[in-house]
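**Q** The structure file entry.cif (mmCIF, C-alpha atoms and all ligand atoms) is provided below.
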```cif
data_query
loop_
_atom_site.label_atom_id
_atom_site.label_comp_id
_atom_site.auth_asym_id
_atom_site.auth_seq_id
_atom_site.Cartn_x
_atom_site.Cartn_y
_atom_site.Cartn_z
CA MET A 7 7.40 -8.77 21.61
CA VAL A 8 3.64 -9.18 21.86
CA SER A 9 1.18 -6.35 21.60
CA ASP A 10 -2.19 -5.44 22.97
CA ILE A 11 -4.82 -4.28 20.47
CA THR A 12 -7.24 -1.40 20.89
CA LEU A 13 -10.14 -0.47 18.63
CA ASN A 14 -11.79 2.87 19.32
CA GLY A 15 -15.14 3.47 17.60
CA VAL A 16 -14.24 1.46 14.49
CA SER A 17 -16.85 1.48 11.73
CA TYR A 18 -16.87 0.07 8.22
CA ALA A 19 -19.40 0.11 5.38
CA PHE A 20 -19.78 -1.42 1.93
CA GLY A 21 -21.63 1.42 0.22
CA ALA A 22 -24.85 1.98 2.17
CA ASN A 23 -24.42 -1.32 4.06
CA THR A 24 -22.89 -0.63 7.49
CA VAL A 25 -20.97 -3.79 8.33
CA LEU A 26 -19.22 -2.69 11.55
CA ASN A 27 -20.87 -0.14 13.77
CA HIS A 28 -18.67 1.75 16.21
CA ILE A 29 -16.67 -1.16 17.67
CA ASP A 30 -14.80 -0.47 20.93
CA LEU A 31 -12.58 -3.37 21.95
CA HIS A 32 -9.41 -3.90 23.96
CA ILE A 33 -7.47 -7.15 23.57
CA ASP A 34 -4.80 -7.83 26.19
CA ALA A 35 -1.26 -8.64 25.08
CA GLY A 36 -0.78 -12.41 24.91
CA SER A 37 -4.48 -13.28 25.00
CA VAL A 38 -6.36 -15.40 22.47
CA VAL A 39 -9.68 -13.84 21.49
CA ALA A 40 -12.25 -15.61 19.33
CA LEU A 41 -14.59 -13.50 17.21
CA LEU A 42 -17.73 -15.58 17.01
CA GLY A 43 -20.97 -14.91 15.18
CA PRO A 44 -23.27 -15.90 12.34
CA SER A 45 -22.42 -15.55 8.69
CA GLY A 46 -22.41 -11.93 7.57
CA CYS A 47 -22.06 -10.36 11.05
CA GLY A 48 -18.75 -8.71 10.15
CA LYS A 49 -16.11 -11.07 11.62
CA SER A 50 -13.92 -11.25 8.52
CA THR A 51 -14.23 -7.54 7.92
CA LEU A 52 -12.98 -6.85 11.44
CA LEU A 53 -10.06 -9.24 10.91
CA ARG A 54 -9.21 -7.60 7.57
CA LEU A 55 -9.08 -4.24 9.35
CA LEU A 56 -6.68 -5.70 11.93
CA ALA A 57 -4.57 -7.13 9.11
CA GLY A 58 -4.43 -3.82 7.23
CA LEU A 59 -6.16 -5.27 4.17
CA THR A 60 -8.78 -2.54 4.33
CA GLN A 61 -9.29 0.83 6.04
CA PRO A 62 -11.91 1.88 8.60
CA ALA A 63 -14.51 4.48 7.67
CA ALA A 64 -14.28 5.84 11.23
CA GLY A 65 -12.35 5.17 14.41
CA GLU A 66 -8.79 4.10 15.18
CA ILE A 67 -6.84 0.89 15.72
CA PHE A 68 -3.69 0.62 17.88
CA PHE A 69 -1.19 -2.23 18.22
CA GLY A 70 0.58 -1.46 21.48
CA GLY A 71 1.02 2.29 21.51
CA ARG A 72 1.25 2.46 17.72
CA GLN A 73 -1.65 3.67 15.62
CA VAL A 74 -2.05 1.28 12.68
CA ALA A 75 -5.31 2.60 11.21
CA ARG A 76 -7.69 5.53 11.33
CA ALA A 77 -10.50 6.80 9.09
CA GLY A 78 -9.24 6.54 5.52
CA TRP A 79 -5.69 5.47 6.43
CA SER A 80 -4.11 2.15 7.18
CA LEU A 81 -0.57 0.90 7.80
CA ALA A 82 0.30 -1.76 5.20
CA PRO A 83 0.03 -5.42 6.34
CA GLU A 84 3.77 -6.04 5.86
CA ALA A 85 4.59 -3.15 8.20
CA ARG A 86 2.37 -4.46 11.02
CA ASP A 87 4.42 -7.40 12.29
CA ILE A 88 1.54 -9.87 12.02
CA GLY A 89 1.13 -13.50 11.00
CA MET A 90 -2.02 -14.64 9.22
CA VAL A 91 -3.71 -17.97 8.58
CA PHE A 92 -6.63 -18.18 6.15
CA GLN A 93 -9.28 -20.77 5.42
CA ASP A 94 -7.76 -21.66 2.04
CA TYR A 95 -4.12 -22.03 3.27
CA ALA A 96 -2.81 -19.60 0.61
CA LEU A 97 0.47 -21.47 0.06
CA TRP A 98 2.64 -20.86 -2.99
CA PRO A 99 2.37 -24.05 -5.07
CA HIS A 100 5.76 -23.71 -6.82
CA MET A 101 7.68 -23.44 -3.52
CA THR A 102 8.62 -26.24 -1.17
CA VAL A 103 7.23 -26.37 2.35
CA ALA A 104 10.50 -24.92 3.72
CA GLN A 105 10.48 -22.09 1.13
CA ASN A 106 6.85 -21.26 1.95
CA VAL A 107 7.63 -21.11 5.66
CA ALA A 108 10.81 -19.06 5.10
CA PHE A 109 9.00 -16.42 3.07
CA PRO A 110 8.21 -13.96 5.92
CA LEU A 111 11.90 -14.03 6.90
CA LYS A 112 13.01 -12.88 3.44
CA MET A 113 12.40 -9.21 4.12
CA ARG A 114 14.24 -9.34 7.44
CA ASN A 115 17.69 -9.90 6.02
CA LEU A 116 18.57 -12.56 8.57
CA PRO A 117 21.70 -14.66 8.12
CA ARG A 118 20.97 -17.87 6.20
CA ARG A 119 21.74 -20.11 9.16
CA GLU A 120 19.31 -18.29 11.39
CA CYS A 121 16.59 -18.54 8.72
CA GLU A 122 17.15 -22.28 8.44
CA ALA A 123 17.06 -22.71 12.22
CA ARG A 124 13.84 -20.74 12.51
CA VAL A 125 12.15 -22.62 9.66
CA SER A 126 13.17 -25.91 11.19
CA GLN A 127 11.86 -24.87 14.61
CA ALA A 128 8.53 -23.66 13.16
CA LEU A 129 8.12 -26.92 11.21
CA SER A 130 8.90 -28.94 14.35
CA ARG A 131 6.31 -26.98 16.29
CA VAL A 132 3.59 -28.01 13.81
CA GLY A 133 4.87 -31.60 13.47
CA LEU A 134 6.13 -31.27 9.88
CA ARG A 135 9.88 -31.46 10.22
CA ASP A 136 10.14 -34.33 7.74
CA PHE A 137 8.11 -32.54 5.06
CA ALA A 138 10.41 -29.58 4.40
CA GLU A 139 11.25 -30.48 0.80
CA ARG A 140 7.74 -31.42 -0.36
CA LYS A 141 5.54 -29.20 -2.49
CA PRO A 142 2.11 -28.26 -1.08
CA ALA A 143 0.32 -30.40 -3.70
CA GLY A 144 1.88 -33.49 -2.07
CA LEU A 145 0.28 -32.72 1.32
CA SER A 146 -3.16 -33.31 2.83
CA GLY A 147 -5.41 -30.35 3.68
CA GLY A 148 -4.51 -30.63 7.36
CA GLN A 149 -0.79 -30.71 6.55
CA GLN A 150 -1.13 -27.69 4.26
CA GLN A 151 -2.81 -25.78 7.04
CA ARG A 152 0.05 -26.71 9.38
CA VAL A 153 2.47 -25.25 6.83
CA ALA A 154 0.43 -22.04 6.78
CA LEU A 155 0.57 -22.02 10.59
CA ALA A 156 4.35 -22.50 10.58
CA ARG A 157 4.67 -19.63 8.08
CA ALA A 158 2.52 -17.41 10.33
CA ILE A 159 4.65 -18.01 13.43
CA VAL A 160 8.16 -18.24 11.92
CA ALA A 161 8.96 -14.54 12.25
CA GLU A 162 7.58 -14.40 15.81
CA PRO A 163 5.03 -11.69 14.98
CA ARG A 164 3.47 -9.51 17.64
CA VAL A 165 -0.08 -10.46 16.56
CA LEU A 166 -1.52 -13.62 14.96
CA LEU A 167 -4.73 -13.43 12.93
CA PHE A 168 -6.81 -16.47 11.96
CA ASP A 169 -9.78 -16.47 9.57
CA GLU A 170 -11.70 -19.75 9.95
CA PRO A 171 -8.51 -21.79 9.46
CA LEU A 172 -10.13 -25.16 10.16
CA SER A 173 -13.34 -24.86 8.20
CA ASN A 174 -12.03 -26.67 5.10
CA LEU A 175 -11.06 -29.76 7.12
CA ASP A 176 -13.20 -32.76 8.04
CA SER A 177 -14.61 -32.77 11.57
CA GLU A 178 -12.19 -35.28 13.14
CA LEU A 179 -9.14 -33.47 11.80
CA ARG A 180 -10.67 -30.13 12.77
CA GLU A 181 -10.96 -31.22 16.39
CA SER A 182 -7.40 -32.58 16.66
CA LEU A 183 -5.77 -29.62 14.88
CA CYS A 184 -7.84 -27.25 17.02
CA LEU A 185 -6.46 -28.85 20.20
CA GLU A 186 -2.91 -28.69 18.82
CA MET A 187 -3.32 -25.05 17.85
CA ALA A 188 -4.67 -24.22 21.31
CA ALA A 189 -1.57 -25.79 22.89
CA LEU A 190 0.74 -24.01 20.44
CA LEU A 191 -0.87 -20.62 21.09
CA ARG A 192 -0.47 -21.08 24.86
CA GLN A 193 3.17 -22.02 24.33
CA LEU A 194 3.89 -19.02 22.08
CA GLY A 195 2.06 -16.46 24.20
CA THR A 196 1.36 -14.32 21.11
CA THR A 197 -1.73 -12.10 21.00
CA ALA A 198 -4.16 -13.87 18.68
CA VAL A 199 -7.52 -13.04 17.12
CA TYR A 200 -9.39 -16.04 15.77
CA VAL A 201 -12.49 -15.73 13.58
CA THR A 202 -14.91 -18.65 13.62
CA HIS A 203 -18.60 -19.44 13.52
CA ASP A 204 -17.97 -22.66 15.50
CA ARG A 205 -18.68 -22.13 19.19
CA ARG A 206 -16.85 -25.28 20.30
CA GLU A 207 -13.71 -24.28 18.40
CA ALA A 208 -13.85 -20.88 20.07
CA GLU A 209 -14.22 -22.44 23.53
CA ILE A 210 -11.24 -24.75 23.00
CA LEU A 211 -8.94 -22.06 21.64
CA ALA A 212 -9.78 -18.79 23.25
CA ASP A 213 -9.36 -17.06 26.61
CA ARG A 214 -12.21 -14.81 25.66
CA ILE A 215 -15.08 -14.93 23.18
CA VAL A 216 -16.39 -11.75 21.59
CA HIS A 217 -19.76 -12.35 19.94
CA LEU A 218 -20.52 -10.12 16.98
CA SER A 219 -24.04 -9.59 15.78
CA ALA A 220 -24.94 -7.34 12.85
CA GLY A 221 -21.69 -5.39 13.14
CA SER A 222 -21.77 -4.79 16.91
CA VAL A 223 -20.36 -6.54 19.97
CA ALA A 224 -23.33 -8.47 21.34
CA ALA A 225 -21.52 -10.31 24.17
CA ASP A 226 -18.00 -10.51 25.55
CA ARG A 227 -17.08 -13.41 27.85
CA LEU A 228 -13.96 -14.77 29.48
CA ILE A 229 -13.34 -18.53 29.25
CA SER A 230 -11.67 -20.47 32.06
CA SER A 231 -8.76 -22.82 31.25
CA SER A 232 -11.12 -25.82 31.37
CA GLY A 233 -13.09 -24.40 28.45
CA GLU A 234 -16.05 -23.35 30.62
CA PHE A 235 -17.35 -19.83 30.75
CA ALA A 236 -15.73 -18.00 33.64
N1 LIG B 1 -16.83 -7.09 -1.12
C1 LIG B 1 -18.02 -6.88 -0.55
N2 LIG B 1 -18.92 -6.03 -1.12
C2 LIG B 1 -20.12 -5.79 -0.54
N3 LIG B 1 -20.53 -6.34 0.63
C3 LIG B 1 -19.68 -7.18 1.23
C4 LIG B 1 -18.39 -7.50 0.69
N4 LIG B 1 -17.77 -8.36 1.52
C5 LIG B 1 -18.63 -8.58 2.54
N5 LIG B 1 -19.77 -7.88 2.38
C6 LIG B 1 -20.92 -7.86 3.30
O1 LIG B 1 -20.46 -7.42 4.57
C7 LIG B 1 -21.11 -8.13 5.62
C8 LIG B 1 -20.06 -8.72 6.55
O2 LIG B 1 -19.26 -9.65 5.84
P1 LIG B 1 -18.12 -10.46 6.57
O3 LIG B 1 -17.45 -11.30 5.52
O4 LIG B 1 -17.29 -9.56 7.38
O5 LIG B 1 -18.98 -11.39 7.55
P2 LIG B 1 -18.57 -12.70 8.33
O6 LIG B 1 -19.20 -12.57 9.67
O7 LIG B 1 -17.11 -12.92 8.28
O8 LIG B 1 -19.31 -13.83 7.48
P3 LIG B 1 -18.86 -15.33 7.09
O9 LIG B 1 -18.86 -16.10 8.38
O10 LIG B 1 -19.93 -15.77 6.16
O11 LIG B 1 -17.52 -15.23 6.45
C9 LIG B 1 -22.02 -9.15 4.94
O12 LIG B 1 -23.32 -8.62 4.93
C10 LIG B 1 -21.47 -9.24 3.54
O13 LIG B 1 -22.49 -9.56 2.63
#
```
Turn this file's structure into C-alpha cells for me.
Ligand SMILES: Nc1ncnc2c1ncn2[C@@H]1O[C@H](COP(=O)(O)OP(=O)(O)OP(=O)(O)O)[C@@H](O)[C@H]1O
**A**
Amino acid sequence: MVSDITLNGVSYAFGANTVLNHIDLHIDAGSVVALLGPSGCGKSTLLRLLAGLTQPAAGEIFFGGRQVARAGWSLAPEARDIGMVFQDYALWPHMTVAQNVAFPLKMRNLPRRECEARVSQALSRVGLRDFAERKPAGLSGGQQQRVALARAIVAEPRVLLFDEPLSNLDSELRESLCLEMAALLRQLGTTAVYVTHDRREAEILADRIVHLSAGSVAADRLISSSGEFA
C-alpha cells in the first residue's frame, strides 16, 4: 500500500537557527517528489523528519491518515513502513549482499522461502542477482548503492526516502543509475521523496520538484514525463 504525505506548518530549529519555517506540503500517493535547493537550505532536515530520525518543533506530519509526528513527538522510523537510501550506502560490512537486503524482512516474521523470493526479486530489480553472496567490500560504489536500493524496496514500504544517493558516484555512473532508478520508481509506484542539489537529477527522477530556500518552499513545479516543466 502506498501513502500520501501531508506536512502542516512543520518547523524545525537547531537552537536559535530556524532551519525549516512553517512548511505546508502535500505529496500525492505514488508520486516522486524531488526536494531541490542549495546546501544548507534544510533538505536533509526535512527528510529526517519524514524518516522519524528527528522531531518537529511545530506542526504535524501524516502518512495517509496516520499522524507520524507532531511538535515534540515522532513515531519511530521502524514503525513508519519506509525504505531509505543514503549518500554513504550504510551497508553492514560483515553481512553478504543477500543478508543486507533481507534485513528489513527480519522483523516481519515471514516464512524463509518468502524472504528468499523477495530478496531475489529485489536483487533482480537492481541488476545484482549474481552478487548475492558477496560482501559489500567486494563491490563498486555503484553496486553498493544498488544493494542499498534493493534493501530499501524489499519490504515494499509505503514511502521511499532518498538523501542524495548518487552524489558519491562519478558523473557517468550517476547518470545511468539515475535513469535506472527513475524507471524502477515508475515501475514500483511507491511514494518517494528524493533530496538532491542536482537539478538535472531531479528533472529525470521526479514528477514534481519542490525548491527549498532558507527553510521555506520557494517554488513547486510539476514535471512532464519528458522531463520538461509542465
Ligand atoms: N547537527 C546540527 N547542529 C546545528 N546545525 C545544524 C545541524 N545539522 C544541520 N544544521 C544546520 O541546519 C541547516 C540545514 O541543514 P540541512 O542539512 O538540512 O541542509 P541541506 O539543504 O540538506 O544541505 P546539504 O545539501 O549541504 O546537505 C544548515 O544551516 C546547517 O548548518
**Q** As a quick test: using all atoms listed in the file, which residues lie no more than 7 Å away from ligand LIG 1 (chain B)? Give them as a VMD selection string.
**A** chain A and resid 20 25 43 to 52 203
**Q** Using all atoms listed in the file, can you tell me which of A:Asp136, A:Asp30, A:Asp94, A:Glu209 comes closest to Gly15 (chain A)?
**A**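 Looking at the shortest contact to Gly15 (chain A), the residue is A:Asp30.
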**Q** Quick one: residues within 10 Å of Phe69 (chain A), all atoms listed in the file, excluding same-chain residues fewer than 3 positions away - as an MDAnalysis selection string?
**A** chainID A and resid 8:13 33 35 56 72:75 86:87 164:165
**Q** Rank nothing, just name the residue among A:Met7, A:Val39, A:Ile159, A:Ala225 nearest to Ala208 (chain A), using all atoms listed in the file.
**A**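 Residue with the minimum atom-to-atom distance to Ala208 (chain A): A:Val39.
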**Q** Record the distance separating CA of Trp79 (chain A) and CA of Gly58 (chain A), expressed in Å with one decimal.
**A**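 Separation of CA of Trp79 (chain A) and CA of Gly58 (chain A): 9.4 Å.
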**Q** I'd like the neighbourhood of Ala138 (chain A) as a list in words, where a residue qualifies if any of its atoms comes within 12 Å (using all atoms listed in the file), though same-chain residues fewer than 4 positions away should be ignored.
**A**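 Using all atoms listed in the file, the neighbours found are Met101, Thr102, Val103, Ala104, Gln105, Asn106, Val107, Ala108, Glu122, Val125, Ser126, Gln127, Ala128, Leu129, Ser130, Val132, Gly133, Leu134, Pro142, Gly144, Leu145, Gln149, Gln150, Arg152, Val153 and Ala156 of chain A.
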**Q** Any chance you could export region 111-220 of chain A with C-alpha atoms, as an mmCIF file, in the first residue's frame?
**A**
```cif
data_model
loop_
_atom_site.group_PDB
_atom_site.id
_atom_site.type_symbol
_atom_site.label_atom_id
_atom_site.label_comp_id
_atom_site.auth_asym_id
_atom_site.auth_seq_id
_atom_site.Cartn_x
_atom_site.Cartn_y
_atom_site.Cartn_z
ATOM 1 C CA LEU A 111 12.264 -8.518 6.422
ATOM 2 C CA LYS A 112 13.689 -9.863 9.692
ATOM 3 C CA MET A 113 11.172 -8.059 11.877
ATOM 4 C CA ARG A 114 8.247 -9.206 9.748
ATOM 5 C CA ASN A 115 8.444 -12.872 10.644
ATOM 6 C CA LEU A 116 7.923 -14.018 7.067
ATOM 7 C CA PRO A 117 8.468 -17.654 6.143
ATOM 8 C CA ARG A 118 12.039 -18.291 4.985
ATOM 9 C CA ARG A 119 11.009 -19.129 1.442
ATOM 10 C CA GLU A 120 9.121 -15.892 1.036
ATOM 11 C CA CYS A 121 12.108 -13.926 2.363
ATOM 12 C CA GLU A 122 14.391 -15.618 -0.145
ATOM 13 C CA ALA A 123 11.966 -14.960 -3.002
ATOM 14 C CA ARG A 124 11.645 -11.301 -2.079
ATOM 15 C CA VAL A 125 15.403 -10.815 -1.729
ATOM 16 C CA SER A 126 15.956 -12.469 -5.071
ATOM 17 C CA GLN A 127 13.302 -10.291 -6.721
ATOM 18 C CA ALA A 128 14.736 -7.089 -5.204
ATOM 19 C CA LEU A 129 18.258 -8.037 -6.342
ATOM 20 C CA SER A 130 16.964 -8.789 -9.855
ATOM 21 C CA ARG A 131 15.251 -5.417 -9.974
ATOM 22 C CA VAL A 132 18.574 -3.647 -9.355
ATOM 23 C CA GLY A 133 20.569 -5.977 -11.637
ATOM 24 C CA LEU A 134 22.527 -7.727 -8.866
ATOM 25 C CA ARG A 135 21.130 -11.226 -8.842
ATOM 26 C CA ASP A 136 24.566 -12.796 -9.273
ATOM 27 C CA PHE A 137 26.095 -10.858 -6.374
ATOM 28 C CA ALA A 138 24.000 -12.246 -3.514
ATOM 29 C CA GLU A 139 26.853 -13.972 -1.680
ATOM 30 C CA ARG A 140 29.438 -11.180 -1.962
ATOM 31 C CA LYS A 141 30.367 -8.858 0.869
ATOM 32 C CA PRO A 142 29.938 -5.097 0.267
ATOM 33 C CA ALA A 143 33.730 -4.557 0.258
ATOM 34 C CA GLY A 144 33.901 -6.629 -2.945
ATOM 35 C CA LEU A 145 31.536 -4.279 -4.804
ATOM 36 C CA SER A 146 31.972 -0.949 -6.604
ATOM 37 C CA GLY A 147 30.320 2.195 -5.225
ATOM 38 C CA GLY A 148 27.528 1.952 -7.798
ATOM 39 C CA GLN A 149 26.910 -1.697 -6.935
ATOM 40 C CA GLN A 150 26.847 -0.909 -3.214
ATOM 41 C CA GLN A 151 24.253 1.756 -3.836
ATOM 42 C CA ARG A 152 22.168 -0.766 -5.794
ATOM 43 C CA VAL A 153 22.298 -3.068 -2.764
ATOM 44 C CA ALA A 154 21.075 -0.201 -0.583
ATOM 45 C CA LEU A 155 18.278 0.377 -3.098
ATOM 46 C CA ALA A 156 17.296 -3.309 -3.058
ATOM 47 C CA ARG A 157 17.252 -3.209 0.761
ATOM 48 C CA ALA A 158 15.008 -0.116 0.674
ATOM 49 C CA ILE A 159 12.419 -1.713 -1.620
ATOM 50 C CA VAL A 160 12.464 -5.344 -0.429
ATOM 51 C CA ALA A 161 9.714 -4.925 2.164
ATOM 52 C CA GLU A 162 7.534 -2.934 -0.257
ATOM 53 C CA PRO A 163 7.341 0.107 2.027
ATOM 54 C CA ARG A 164 4.629 2.714 1.705
ATOM 55 C CA VAL A 165 7.185 5.550 1.357
ATOM 56 C CA LEU A 166 10.736 5.655 -0.050
ATOM 57 C CA LEU A 167 13.162 8.345 1.122
ATOM 58 C CA PHE A 168 16.404 9.204 -0.681
ATOM 59 C CA ASP A 169 19.135 11.538 0.611
ATOM 60 C CA GLU A 170 21.492 12.418 -2.263
ATOM 61 C CA PRO A 171 22.010 8.731 -3.101
ATOM 62 C CA LEU A 172 24.094 9.374 -6.218
ATOM 63 C CA SER A 173 26.408 12.102 -5.018
ATOM 64 C CA ASN A 174 29.296 9.758 -4.140
ATOM 65 C CA LEU A 175 29.390 8.303 -7.667
ATOM 66 C CA ASP A 176 31.265 9.578 -10.711
ATOM 67 C CA SER A 177 29.209 11.547 -13.226
ATOM 68 C CA GLU A 178 28.778 8.827 -15.878
ATOM 69 C CA LEU A 179 27.617 6.261 -13.339
ATOM 70 C CA ARG A 180 25.413 8.875 -11.686
ATOM 71 C CA GLU A 181 23.570 9.494 -14.935
ATOM 72 C CA SER A 182 22.995 5.803 -15.746
ATOM 73 C CA LEU A 183 21.931 4.831 -12.216
ATOM 74 C CA CYS A 184 19.657 7.878 -12.111
ATOM 75 C CA LEU A 185 17.863 6.701 -15.273
ATOM 76 C CA GLU A 186 17.566 3.173 -13.870
ATOM 77 C CA MET A 187 16.193 4.465 -10.580
ATOM 78 C CA ALA A 188 13.657 6.618 -12.424
ATOM 79 C CA ALA A 189 12.425 3.535 -14.320
ATOM 80 C CA LEU A 190 12.331 1.457 -11.131
ATOM 81 C CA LEU A 191 10.352 4.092 -9.235
ATOM 82 C CA ARG A 192 7.780 4.284 -12.057
ATOM 83 C CA GLN A 193 7.502 0.501 -12.017
ATOM 84 C CA LEU A 194 7.070 0.307 -8.231
ATOM 85 C CA GLY A 195 4.600 3.177 -7.945
ATOM 86 C CA THR A 196 5.762 3.897 -4.378
ATOM 87 C CA THR A 197 5.532 7.431 -2.986
ATOM 88 C CA ALA A 198 9.096 8.750 -2.987
ATOM 89 C CA VAL A 199 10.853 11.848 -1.676
ATOM 90 C CA TYR A 200 14.273 12.453 -3.183
ATOM 91 C CA VAL A 201 16.708 15.035 -1.809
ATOM 92 C CA THR A 202 19.265 16.436 -4.233
ATOM 93 C CA HIS A 203 21.060 19.637 -5.126
ATOM 94 C CA ASP A 204 21.374 18.448 -8.756
ATOM 95 C CA ARG A 205 18.633 19.956 -10.904
ATOM 96 C CA ARG A 206 19.130 17.513 -13.776
ATOM 97 C CA GLU A 207 18.834 14.519 -11.453
ATOM 98 C CA ALA A 208 15.615 15.975 -10.074
ATOM 99 C CA GLU A 209 14.200 16.502 -13.575
ATOM 100 C CA ILE A 210 14.973 12.916 -14.618
ATOM 101 C CA LEU A 211 13.549 11.319 -11.487
ATOM 102 C CA ALA A 212 10.689 13.383 -10.246
ATOM 103 C CA ASP A 213 7.082 14.134 -11.178
ATOM 104 C CA ARG A 214 7.355 17.296 -9.179
ATOM 105 C CA ILE A 215 10.185 19.481 -7.900
ATOM 106 C CA VAL A 216 9.846 21.372 -4.629
ATOM 107 C CA HIS A 217 12.530 24.040 -4.310
ATOM 108 C CA LEU A 218 13.560 24.862 -0.774
ATOM 109 C CA SER A 219 15.290 28.090 0.066
ATOM 110 C CA ALA A 220 16.338 29.065 3.590
#
```
